[in-house]
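The structure file start-v8.cif is reproduced below (mmCIF, C-alpha atoms and all ligand atoms).
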```cif
data_structure
#
loop_
_atom_site.label_atom_id
_atom_site.label_comp_id
_atom_site.auth_asym_id
_atom_site.auth_seq_id
_atom_site.Cartn_x
_atom_site.Cartn_y
_atom_site.Cartn_z
CA MET A 30 81.69 114.00 104.91
CA SER A 31 78.26 115.23 105.82
CA ASP A 32 78.35 113.55 109.24
CA THR A 33 80.89 115.98 110.67
CA ASN A 34 80.29 119.53 111.81
CA THR A 35 83.83 120.72 111.28
CA PRO A 36 84.39 122.98 108.28
CA PRO A 37 85.72 121.21 105.20
CA GLU A 38 89.46 120.76 104.86
CA THR A 39 90.90 123.09 102.30
CA GLY A 40 94.21 124.77 101.58
CA PRO A 41 97.48 123.57 100.09
CA PHE A 42 99.33 120.52 101.34
CA LEU A 43 102.70 120.41 103.04
CA ALA A 44 105.44 119.55 100.57
CA ARG A 45 106.02 115.83 100.23
CA ASP A 46 109.29 114.54 101.73
CA ARG A 47 110.49 112.57 98.73
CA LEU A 48 113.52 111.19 100.58
CA TRP A 49 111.19 109.50 103.05
CA HIS A 50 109.33 107.81 100.20
CA PRO A 51 111.10 105.31 97.94
CA GLN A 52 112.89 106.77 94.96
CA ALA A 53 111.44 105.93 91.54
CA PHE A 54 114.56 104.15 90.24
CA THR A 55 115.37 101.26 92.59
CA PRO A 56 117.19 98.59 90.55
CA GLY A 57 117.01 96.04 93.38
CA TYR A 58 113.31 95.99 92.51
CA LYS A 59 113.75 95.18 88.85
CA THR A 60 110.38 96.28 87.51
CA SER A 61 111.15 99.84 88.59
CA VAL A 62 114.03 100.10 86.11
CA LEU A 63 111.89 100.78 83.02
CA ARG A 64 108.97 102.31 84.93
CA SER A 65 110.80 105.13 86.73
CA PRO A 66 110.69 108.67 85.36
CA GLN A 67 114.19 110.05 84.94
CA ARG A 68 113.58 113.76 84.43
CA ALA A 69 113.15 116.19 87.30
CA LEU A 70 109.57 116.50 88.56
CA LEU A 71 107.74 119.81 88.09
CA SER A 72 107.10 121.39 91.49
CA PHE A 73 104.39 123.96 92.09
CA ASN A 74 102.19 125.13 94.92
CA ASN A 75 98.86 123.38 95.04
CA THR A 76 95.96 124.77 93.08
CA LEU A 77 92.33 123.82 93.65
CA SER A 78 92.92 120.82 91.41
CA GLU A 79 95.26 119.32 94.01
CA MET A 80 93.51 120.65 97.14
CA THR A 81 90.13 119.11 96.30
CA GLY A 82 89.39 115.42 95.96
CA PRO A 83 86.57 112.90 95.81
CA VAL A 84 84.84 111.67 98.93
CA PHE A 85 82.79 108.52 99.28
CA GLY A 86 79.80 108.25 101.57
CA HIS A 87 79.03 105.30 103.81
CA SER A 88 76.27 104.38 101.35
CA ILE A 89 78.85 102.64 99.14
CA LEU A 90 79.75 100.22 101.91
CA GLY A 91 78.23 96.77 102.20
CA GLU A 92 77.81 95.06 105.54
CA LEU A 93 80.75 92.70 104.99
CA ASP A 94 83.10 95.11 103.21
CA ASN A 95 85.46 95.18 106.21
CA ASP A 96 85.21 91.45 106.89
CA LEU A 97 87.48 89.57 104.48
CA ILE A 98 86.82 86.35 106.39
CA HIS A 99 83.24 86.38 105.17
CA ASN A 100 82.81 88.79 102.25
CA PHE A 101 83.67 86.16 99.62
CA ALA A 102 82.75 83.05 101.60
CA LYS A 103 79.80 80.77 100.95
CA PRO A 104 76.99 81.23 103.48
CA GLY A 105 77.96 79.61 106.77
CA GLU A 106 81.59 79.17 105.76
CA SER A 107 84.64 81.32 106.35
CA ALA A 108 88.17 81.87 105.06
CA ILE A 109 90.92 79.62 106.39
CA GLY A 110 93.86 81.04 108.32
CA PRO A 111 94.88 82.87 111.46
CA ARG A 112 92.02 85.24 112.27
CA ILE A 113 93.17 88.81 112.86
CA ILE A 114 91.72 92.25 113.41
CA VAL A 115 93.57 95.20 111.89
CA HIS A 116 92.73 98.56 113.37
CA GLY A 117 94.23 102.00 113.54
CA ARG A 118 93.65 105.63 112.74
CA VAL A 119 94.08 107.84 109.72
CA LEU A 120 95.95 110.97 110.79
CA ASP A 121 97.55 113.86 108.97
CA GLU A 122 101.06 115.21 109.43
CA ARG A 123 99.70 117.62 112.05
CA ALA A 124 98.58 114.53 114.01
CA ARG A 125 94.91 115.36 113.54
CA PRO A 126 92.44 112.57 112.78
CA VAL A 127 91.23 112.44 109.19
CA PRO A 128 87.57 111.37 109.13
CA GLY A 129 85.55 110.12 106.21
CA VAL A 130 88.32 108.77 104.02
CA LEU A 131 87.98 105.61 101.97
CA ILE A 132 90.55 102.90 102.65
CA GLU A 133 90.76 99.90 100.34
CA PHE A 134 92.85 96.85 101.20
CA TRP A 135 93.88 93.69 99.38
CA GLN A 136 96.01 90.71 100.24
CA ALA A 137 97.01 87.13 99.55
CA ASN A 138 95.27 84.32 101.43
CA ALA A 139 96.78 82.58 104.44
CA GLY A 140 98.90 80.43 102.13
CA GLY A 141 100.33 83.43 100.28
CA ARG A 142 98.19 82.97 97.16
CA TYR A 143 96.31 85.79 95.42
CA ARG A 144 93.03 85.32 93.62
CA HIS A 145 94.34 86.69 90.30
CA LYS A 146 94.80 85.18 86.87
CA LYS A 147 98.43 86.28 86.72
CA GLU A 148 99.30 84.60 90.00
CA GLY A 149 101.47 81.51 89.54
CA TYR A 150 102.36 80.43 93.07
CA VAL A 151 101.63 76.76 93.80
CA ALA A 152 99.97 77.52 97.14
CA ALA A 153 96.27 76.64 97.13
CA LEU A 154 93.43 79.06 96.56
CA ASP A 155 90.95 79.28 99.40
CA PRO A 156 87.47 79.04 97.83
CA ASN A 157 86.15 81.23 100.65
CA PHE A 158 88.68 84.04 100.37
CA GLY A 159 88.51 86.85 97.80
CA GLY A 160 91.16 89.14 99.23
CA CYS A 161 89.66 92.62 99.07
CA GLY A 162 87.93 94.88 101.58
CA ARG A 163 87.27 98.51 102.35
CA ALA A 164 86.30 100.87 105.15
CA ILE A 165 85.69 104.57 105.75
CA SER A 166 87.44 106.27 108.66
CA ALA A 167 85.18 107.40 111.52
CA ALA A 168 84.98 110.88 113.06
CA ASP A 169 88.05 110.13 115.20
CA GLY A 170 89.95 108.81 112.17
CA SER A 171 89.63 105.20 113.28
CA TYR A 172 89.07 102.23 111.00
CA SER A 173 89.15 98.47 111.41
CA PHE A 174 88.68 95.28 109.48
CA ARG A 175 88.75 91.54 110.06
CA THR A 176 90.71 89.15 107.91
CA VAL A 177 93.08 86.21 107.93
CA LYS A 178 96.79 86.85 108.26
CA PRO A 179 98.25 86.66 104.75
CA GLY A 180 101.09 84.26 104.06
CA PRO A 181 104.47 85.27 102.64
CA TYR A 182 104.99 84.43 98.96
CA PRO A 183 107.80 84.08 96.44
CA TRP A 184 107.99 86.40 93.45
CA PRO A 185 110.10 86.61 90.32
CA ASN A 186 112.72 89.29 90.93
CA GLY A 187 115.89 87.66 92.21
CA VAL A 188 115.94 83.86 92.00
CA ASN A 189 114.77 83.49 95.59
CA ASP A 190 112.94 86.63 96.66
CA TRP A 191 110.02 86.40 99.07
CA ARG A 192 107.55 89.03 100.10
CA PRO A 193 107.01 89.31 103.84
CA ALA A 194 103.39 88.91 104.90
CA HIS A 195 101.67 92.18 103.95
CA ILE A 196 98.39 93.91 103.26
CA HIS A 197 98.14 96.48 100.47
CA TYR A 198 96.40 99.77 101.28
CA SER A 199 94.91 102.42 99.01
CA ILE A 200 93.91 105.59 100.88
CA PHE A 201 92.04 108.68 99.78
CA GLY A 202 92.30 111.91 101.74
CA SER A 203 90.25 115.05 101.35
CA GLY A 204 92.46 116.25 98.47
CA PHE A 205 93.66 114.38 95.39
CA ALA A 206 97.28 115.24 96.24
CA GLN A 207 96.96 113.07 99.37
CA ARG A 208 96.28 109.96 97.31
CA LEU A 209 98.48 107.17 98.61
CA ILE A 210 99.11 103.47 98.11
CA THR A 211 101.26 101.58 100.57
CA GLN A 212 101.67 98.23 102.31
CA MET A 213 101.37 97.10 105.91
CA TYR A 214 103.85 94.59 107.32
CA PHE A 215 103.62 92.52 110.50
CA GLU A 216 105.80 92.99 113.56
CA GLY A 217 108.50 90.34 113.92
CA ASP A 218 108.47 89.05 110.33
CA PRO A 219 112.07 88.04 109.48
CA LEU A 220 111.39 88.53 105.74
CA ILE A 221 110.88 92.30 106.12
CA PRO A 222 114.57 93.31 105.99
CA LEU A 223 115.24 90.89 103.09
CA CYS A 224 112.55 92.16 100.72
CA PRO A 225 113.65 94.22 97.68
CA ILE A 226 110.35 96.15 97.71
CA VAL A 227 110.71 97.02 101.40
CA LYS A 228 114.31 98.01 100.67
CA THR A 229 113.18 100.65 98.17
CA ILE A 230 112.62 102.65 101.39
CA LYS A 231 115.95 103.95 102.67
CA ASP A 232 115.18 105.13 106.20
CA PRO A 233 114.70 102.28 108.72
CA ALA A 234 112.27 104.50 110.64
CA ALA A 235 110.09 104.73 107.53
CA ILE A 236 110.01 100.92 107.30
CA GLU A 237 109.02 100.79 110.96
CA GLN A 238 106.18 103.16 110.14
CA LEU A 239 104.76 100.49 107.82
CA THR A 240 105.12 97.69 110.38
CA ALA A 241 101.96 96.99 112.38
CA ALA A 242 102.34 96.11 116.04
CA LEU A 243 100.68 93.14 117.70
CA ASP A 244 98.04 94.76 119.92
CA MET A 245 96.93 92.43 122.71
CA SER A 246 94.53 95.09 124.01
CA MET A 247 92.35 94.65 120.94
CA THR A 248 92.47 90.89 120.57
CA ILE A 249 89.27 88.89 120.99
CA PRO A 250 89.97 85.96 123.33
CA MET A 251 89.51 82.56 121.68
CA ASP A 252 88.80 84.32 118.36
CA ALA A 253 91.30 86.75 116.81
CA THR A 254 94.62 88.49 117.47
CA ALA A 255 94.91 92.16 116.61
CA TYR A 256 97.41 94.42 114.86
CA LYS A 257 97.48 98.21 115.05
CA PHE A 258 98.34 100.19 111.93
CA ASP A 259 98.07 103.97 111.81
CA ILE A 260 98.23 105.76 108.48
CA VAL A 261 99.54 109.30 108.09
CA LEU A 262 98.39 111.40 105.15
CA ARG A 263 99.85 114.72 104.06
CA GLY A 264 98.79 117.65 106.22
CA ARG A 265 97.49 120.95 104.96
CA ARG A 266 99.47 124.11 105.41
CA SER A 267 97.99 126.42 108.00
CA THR A 268 96.10 129.25 106.38
CA LEU A 269 96.56 131.57 109.37
CA PHE A 270 97.58 135.03 108.18
CA GLU A 271 97.71 133.79 104.57
CA ASN A 272 98.65 136.52 102.12
CA ARG A 273 95.62 137.86 100.32
CA LEU A 274 95.67 139.82 97.15
CA GLU A 275 94.99 143.49 97.84
CA GLY A 276 91.38 144.28 97.10
CA ASN A 277 90.19 140.68 97.44
CA MET V 29 115.42 121.99 124.48
CA PRO V 30 112.58 123.86 122.74
CA GLN V 31 109.09 122.38 122.62
CA LYS V 32 108.51 119.54 120.20
CA LEU V 33 106.68 120.31 116.96
CA ASP V 34 104.79 117.00 117.16
CA THR V 35 104.45 116.69 113.42
CA LEU V 36 104.22 113.22 111.90
CA LYS V 37 105.82 111.81 108.78
CA GLU V 38 103.56 110.84 105.90
CA SER V 39 103.26 107.06 105.60
CA PRO V 40 105.86 106.06 103.02
CA SER V 41 104.52 104.74 99.73
CA GLN V 42 104.97 101.21 98.44
CA THR V 43 104.22 99.95 94.96
CA ALA V 44 100.63 98.98 94.14
CA GLY V 45 102.07 95.68 92.91
CA PRO V 46 100.80 93.32 90.21
CA TYR V 47 97.54 92.53 92.02
CA VAL V 48 96.28 96.09 92.49
CA HIS V 49 93.09 95.09 90.68
CA ILE V 50 92.05 92.82 93.54
CA GLY V 51 91.77 95.81 95.83
CA MET V 52 90.74 98.61 93.50
CA THR V 53 88.79 96.94 90.67
CA PRO V 54 87.88 93.46 91.92
CA ASN V 55 85.02 92.97 89.43
CA PHE V 56 87.42 93.76 86.57
CA CYS V 57 89.71 90.91 87.65
CA GLY V 58 86.96 88.37 88.19
CA ILE V 59 86.29 88.74 91.92
CA ALA V 60 82.53 89.10 91.68
CA GLY V 61 80.02 89.48 94.45
CA VAL V 62 82.06 91.46 96.96
CA TYR V 63 81.20 94.94 95.66
CA PRO V 64 78.23 95.57 93.32
CA VAL V 65 80.40 97.66 90.95
CA ASP V 66 83.99 98.79 90.75
CA LEU V 67 84.38 102.36 91.99
CA GLY V 68 85.09 105.06 89.43
CA THR V 69 83.72 103.27 86.38
CA THR V 70 80.87 105.76 85.87
CA MET V 71 81.46 109.51 86.10
CA VAL V 72 78.46 110.90 84.24
CA ASN V 73 74.75 110.18 83.89
CA ALA V 74 72.06 111.37 81.50
CA LYS V 75 71.64 114.64 83.41
CA THR V 76 75.29 115.63 83.65
CA ILE V 77 75.90 119.10 82.26
CA GLY V 78 78.67 119.47 79.71
CA GLU V 79 80.21 118.28 76.49
CA ARG V 80 80.56 114.47 76.42
CA ILE V 81 84.10 113.36 75.69
CA THR V 82 86.22 110.27 76.01
CA ILE V 83 89.77 110.27 77.27
CA SER V 84 92.00 107.36 76.38
CA GLY V 85 95.60 106.42 75.96
CA ARG V 86 98.32 104.11 77.16
CA VAL V 87 101.05 104.28 79.78
CA ILE V 88 104.30 103.31 78.08
CA ASP V 89 107.48 102.09 79.77
CA GLY V 90 111.12 102.85 78.95
CA GLY V 91 111.22 99.88 76.57
CA GLY V 92 108.29 101.19 74.53
CA GLU V 93 105.84 98.63 75.87
CA PRO V 94 102.43 99.70 77.19
CA LEU V 95 101.76 98.82 80.81
CA ARG V 96 98.96 96.27 80.88
CA ASP V 97 98.78 96.13 84.65
CA CYS V 98 98.53 99.79 85.65
CA VAL V 99 95.56 101.68 87.05
CA VAL V 100 94.89 105.29 86.06
CA GLU V 101 92.77 107.59 88.20
CA MET V 102 91.57 111.01 87.11
CA TRP V 103 90.10 114.03 88.89
CA GLN V 104 88.55 117.02 87.19
CA ALA V 105 86.20 119.96 87.61
CA ASP V 106 82.65 119.98 86.23
CA ALA V 107 81.63 121.94 83.15
CA ALA V 108 81.44 125.15 85.20
CA GLY V 109 84.92 124.68 86.65
CA LEU V 110 83.73 123.55 90.10
CA TYR V 111 85.05 120.47 91.87
CA PRO V 112 82.53 118.03 93.40
CA SER V 113 84.43 118.03 96.69
CA PRO V 114 83.80 119.30 100.23
CA SER V 115 87.07 121.21 99.83
CA GLU V 116 85.50 123.22 97.00
CA THR V 117 84.47 126.47 98.67
CA ARG V 118 83.30 128.47 95.63
CA GLY V 119 79.94 126.81 95.15
CA ALA V 120 78.12 123.56 94.52
CA ALA V 121 79.29 121.45 91.62
CA ASP V 122 77.00 119.53 89.26
CA PRO V 123 75.39 116.83 91.44
CA ASN V 124 75.24 114.55 88.41
CA PHE V 125 79.01 114.45 87.98
CA THR V 126 81.50 112.60 90.17
CA GLY V 127 84.67 114.31 88.92
CA TRP V 128 86.63 111.17 89.72
CA GLY V 129 87.29 108.12 87.60
CA ARG V 130 89.38 105.00 87.90
CA CYS V 131 90.33 102.75 85.00
CA PRO V 132 92.56 99.68 84.85
CA ALA V 133 94.55 99.45 81.64
CA ASP V 134 93.23 96.83 79.22
CA GLY V 135 95.02 93.55 79.85
CA VAL V 136 95.86 93.12 76.15
CA THR V 137 96.19 96.58 74.63
CA GLY V 138 97.12 98.57 77.73
CA ILE V 139 94.52 101.21 76.83
CA TYR V 140 92.80 103.18 79.59
CA ARG V 141 89.55 104.99 78.83
CA PHE V 142 87.21 107.40 80.60
CA ASP V 143 83.79 108.62 79.54
CA THR V 144 83.45 112.08 80.98
CA ILE V 145 82.76 115.72 80.14
CA LYS V 146 85.05 118.53 79.18
CA PRO V 147 86.02 120.37 82.39
CA GLY V 148 85.54 124.09 82.86
CA ARG V 149 88.35 126.45 83.82
CA VAL V 150 89.56 126.56 87.40
CA PRO V 151 91.34 129.59 88.87
CA PHE V 152 94.98 129.55 89.84
CA PRO V 153 95.62 130.81 93.41
CA ASP V 154 96.38 134.33 92.09
CA GLY V 155 93.04 134.52 90.27
CA ARG V 156 94.22 133.86 86.73
CA LEU V 157 92.30 131.08 85.01
CA GLN V 158 94.01 127.78 84.36
CA ALA V 159 93.40 126.07 81.05
CA PRO V 160 90.89 123.19 81.19
CA HIS V 161 92.72 120.16 82.50
CA ILE V 162 92.34 116.79 84.17
CA SER V 163 94.59 115.57 87.00
CA LEU V 164 95.95 112.05 86.45
CA TRP V 165 97.43 109.62 88.97
CA ILE V 166 99.11 106.43 87.82
CA VAL V 167 100.00 103.39 89.90
CA ALA V 168 101.40 100.00 88.90
CA ARG V 169 103.86 97.30 89.73
CA GLY V 170 107.31 98.91 89.50
CA ILE V 171 106.03 102.40 90.35
CA ASN V 172 107.15 103.07 93.92
CA LEU V 173 105.16 106.27 94.44
CA GLY V 174 102.04 107.08 92.42
CA LEU V 175 102.80 109.42 89.51
CA SER V 176 100.93 112.72 89.19
CA THR V 177 100.49 114.62 85.97
CA ARG V 178 97.81 116.51 84.02
CA LEU V 179 96.01 116.18 80.75
CA TYR V 180 95.32 119.37 78.75
CA PHE V 181 93.28 119.69 75.55
CA ALA V 182 94.80 120.33 72.12
CA ASP V 183 91.81 122.44 71.02
CA GLU V 184 92.42 124.91 73.87
CA ALA V 185 95.58 126.39 72.37
CA GLU V 186 94.91 129.92 73.57
CA ALA V 187 94.14 128.88 77.15
CA ASN V 188 97.06 126.47 77.16
CA ALA V 189 99.43 129.22 76.08
CA ALA V 190 98.39 131.27 79.13
CA ASP V 191 98.23 128.39 81.61
CA PRO V 192 100.32 129.09 84.73
CA ILE V 193 101.40 125.46 85.15
CA LEU V 194 102.25 124.80 81.52
CA ASN V 195 104.25 128.02 81.57
CA ARG V 196 106.37 126.69 84.43
CA ILE V 197 107.78 123.94 82.21
CA GLU V 198 111.31 125.08 81.49
CA HIS V 199 111.94 122.79 78.54
CA ARG V 200 109.25 123.96 76.14
CA SER V 201 109.66 120.89 73.95
CA ARG V 202 108.15 118.85 76.80
CA VAL V 203 104.86 120.79 76.98
CA PRO V 204 103.19 118.60 74.32
CA THR V 205 103.61 115.54 76.58
CA LEU V 206 100.64 116.89 78.56
CA ILE V 207 98.37 117.82 75.66
CA ALA V 208 95.80 115.32 74.42
CA ALA V 209 95.08 115.21 70.70
CA ARG V 210 91.47 115.59 69.63
CA ASP V 211 89.59 113.35 67.21
CA GLY V 212 85.88 114.24 67.29
CA ASN V 213 84.80 113.87 70.89
CA ALA V 214 87.72 111.58 71.69
CA TYR V 215 90.95 112.79 73.21
CA ASN V 216 94.06 110.64 73.32
CA LEU V 217 97.11 110.97 75.52
CA ASP V 218 99.87 108.42 75.87
CA ILE V 219 101.92 108.74 79.03
CA HIS V 220 105.61 107.97 78.67
CA LEU V 221 107.39 106.93 81.84
CA GLN V 222 110.84 107.35 80.27
CA GLY V 223 112.59 108.21 77.04
CA PRO V 224 112.73 111.23 74.74
CA ASN V 225 108.98 111.84 75.16
CA GLU V 226 108.96 111.37 78.93
CA THR V 227 105.78 112.92 80.34
CA VAL V 228 106.21 115.86 82.69
CA PHE V 229 105.37 114.42 86.12
CA PHE V 230 104.57 116.60 89.10
CA ASP V 231 105.82 117.05 92.62
CA ILE V 232 102.70 118.58 94.13
FE FE C 301 101.31 91.70 97.53
#
```

Would you encode the structure as structure tokens?
Ligand SMILES: [Fe+3]
Amino acid sequence: MSDTNTPPETGPFLARDRLWHPQAFTPGYKTSVLRSPQRALLSFNNTLSEMTGPVFGHSILGELDNDLIHNFAKPGESAIGPRIIVHGRVLDERARPVPGVLIEFWQANAGGRYRHKKEGYVAALDPNFGGCGRAISAADGSYSFRTVKPGPYPWPNGVNDWRPAHIHYSIFGSGFAQRLITQMYFEGDPLIPLCPIVKTIKDPAAIEQLTAALDMSMTIPMDATAYKFDIVLRGRRSTLFENRLEGN
Amino acid sequence: MPQKLDTLKESPSQTAGPYVHIGMTPNFCGIAGVYPVDLGTTMVNAKTIGERITISGRVIDGGGEPLRDCVVEMWQADAAGLYPSPSETRGAADPNFTGWGRCPADGVTGIYRFDTIKPGRVPFPDGRLQAPHISLWIVARGINLGLSTRLYFADEAEANAADPILNRIEHRSRVPTLIAARDGNAYNLDIHLQGPNETVFFDI
């Protein structure tokens, strides 16, 4: 980003902990069965192709991009549902803030219904709710958006599987190898431990990392509750004392 | 007890799900008026330097069916081999080229397609030149962690033969899974998630 004076992030990324992430083949989540690579992945140290990545300036953002209550609503109207603020920081594995990264989010409406032609749930569409938003992290890594709390919804996997309330996140870093898609869950939701998609993650601490905490310090009285959700992207390996080719 | 390292764990991935289009390409799925355009649909303009090409193909599951609900993103260098990124320290890339594209698979045919330029060669960390290539990232319902791979060009046989990454592939019969066939200015690469032609995916 041009609005920071720190030198650009460069260098290779720390190796990804693939046991912390879900495995590709997770038969409890049926769609993964035919969509999971079975051969060993090819590992190699990052080249410039992985260390670099696209950045998006604030010029792409519209005024309501981080306000899902209003960005699809008719003038003077607003989406129906429990009003919430989601806020947090984008950090890297070295616990440093990551500024200037694009975060895109999408979600069902308060009744658990998505605005999508493939969606078959009987819950009603909200004519004032589109379900998408985006933000760019600030210099301290912080981001926030306003929305309605999404409802849980049933989905065809087992005969009676329900998704806990969740918000989908797509996050860019400063390098293409940091590209990440994940989901945010809500503290206290009893559907979290029952969900086959959540259960693709083996370590309970990793599931906790995707569970946003109710944050009374950021609520707006008589208006909105707040949830805090930090995102951690891959860190870059320190380049201190990096080997250099002789003569370079 | 020694001091704590204070490192954090990367946020674990979750599938993009069946409604990824709502968040990443809302105009494509009929949610109009929130964003003026979907990001990543245009990579080049009239002033972009380089040879115009199209990249297309399908992502095919273990049952032989193309995914009609996936999203493919690509990242590549400009015609001079420079990345349009702040992390590019070798020089300024073509200002008329974004380097990054995003394309949802067609809802009927499953075909993804990018209009771009042929990338230049980018050095490997030891200074050798890599063959021209495009980084691909694939997400969809049923994919728990986005899949990384590369596309190389069939008409770059000499460069491909010397490419440090392609040379790391132990099973040589799998190298062609990364090489796009050329037909005029169109390159085609199908990505196979499973099966005898399973694409070489990366842990990078
Ligand atoms: Fe969902």

Given the choices A:Arg263, A:Lys103, A:Arg118, A:Arg192, which gets closest to chain V if the distance is worked out from all atoms listed in the file?
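Of all the options, A:Arg263 lies closest to chain V.
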
May I ask for the distance between atom CA of Pro94 of chain V and atom CA of Met52 of chain V, given in Å to one decimal place?
20.1 Å

Pick out the closest residue to chain A from this set: V:Tyr111, V:Phe142, V:Phe125, V:Tyr180. Count only C-alpha atoms.
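Closest candidate: V:Tyr111.
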
Would you compute the distance between atom CA of Arg178 of chain V and atom CA of Ile83 of chain V? Give it in Å to one decimal.
12.2 Å

Report, in Å with one decimal, the straight-line distance from atom CA of Pro66 of chain A to atom CA of Leu157 of chain V.
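Atom CA of Leu157 of chain V lies at a distance of 29.0 Å from atom CA of Pro66 of chain A.
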
Nearest-residue call for chain V, choices A:Asp190, A:Asp252, A:Asp218, A:Asp232, using all atoms listed in the file
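Among A:Asp190, A:Asp252, A:Asp218, A:Asp232, it is A:Asp232 that comes nearest to chain V.
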
Reconstructed N, CA and C atoms for segment 141-153 of chain A, given as a tab-separated table (two decimals), keeping the file's coordinate frame:
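The result, stored in out_16.tsv:
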```tsv
chain	number	residue	atom	x	y	z
A	141	GLY	N	99.50	82.56	101.12
A	141	GLY	CA	100.33	83.43	100.28
A	141	GLY	C	99.89	83.47	98.83
A	142	ARG	N	98.70	83.04	98.53
A	142	ARG	CA	98.19	82.97	97.16
A	142	ARG	C	97.13	84.05	96.92
A	143	TYR	N	97.31	84.79	95.81
A	143	TYR	CA	96.31	85.79	95.42
A	143	TYR	C	95.28	85.18	94.50
A	144	ARG	N	94.07	85.73	94.56
A	144	ARG	CA	93.03	85.32	93.62
A	144	ARG	C	93.14	86.21	92.39
A	145	HIS	N	94.05	85.84	91.47
A	145	HIS	CA	94.34	86.69	90.30
A	145	HIS	C	94.88	85.80	89.19
A	146	LYS	N	94.44	86.08	87.97
A	146	LYS	CA	94.80	85.18	86.87
A	146	LYS	C	96.30	85.18	86.58
A	147	LYS	N	96.99	86.23	87.00
A	147	LYS	CA	98.43	86.28	86.72
A	147	LYS	C	99.27	85.64	87.82
A	148	GLU	N	98.60	85.16	88.85
A	148	GLU	CA	99.30	84.60	90.00
A	148	GLU	C	99.72	83.16	89.70
A	149	GLY	N	101.00	82.83	89.88
A	149	GLY	CA	101.47	81.51	89.54
A	149	GLY	C	101.98	80.67	90.70
A	150	TYR	N	101.82	81.15	91.91
A	150	TYR	CA	102.36	80.43	93.07
A	150	TYR	C	101.57	79.14	93.29
A	151	VAL	N	102.29	78.07	93.66
A	151	VAL	CA	101.63	76.76	93.80
A	151	VAL	C	100.71	76.67	95.01
A	152	ALA	N	100.83	77.60	95.95
A	152	ALA	CA	99.97	77.52	97.14
A	152	ALA	C	98.49	77.51	96.72
A	153	ALA	N	97.66	76.86	97.51
A	153	ALA	CA	96.27	76.64	97.13
A	153	ALA	C	95.43	77.91	97.28
```
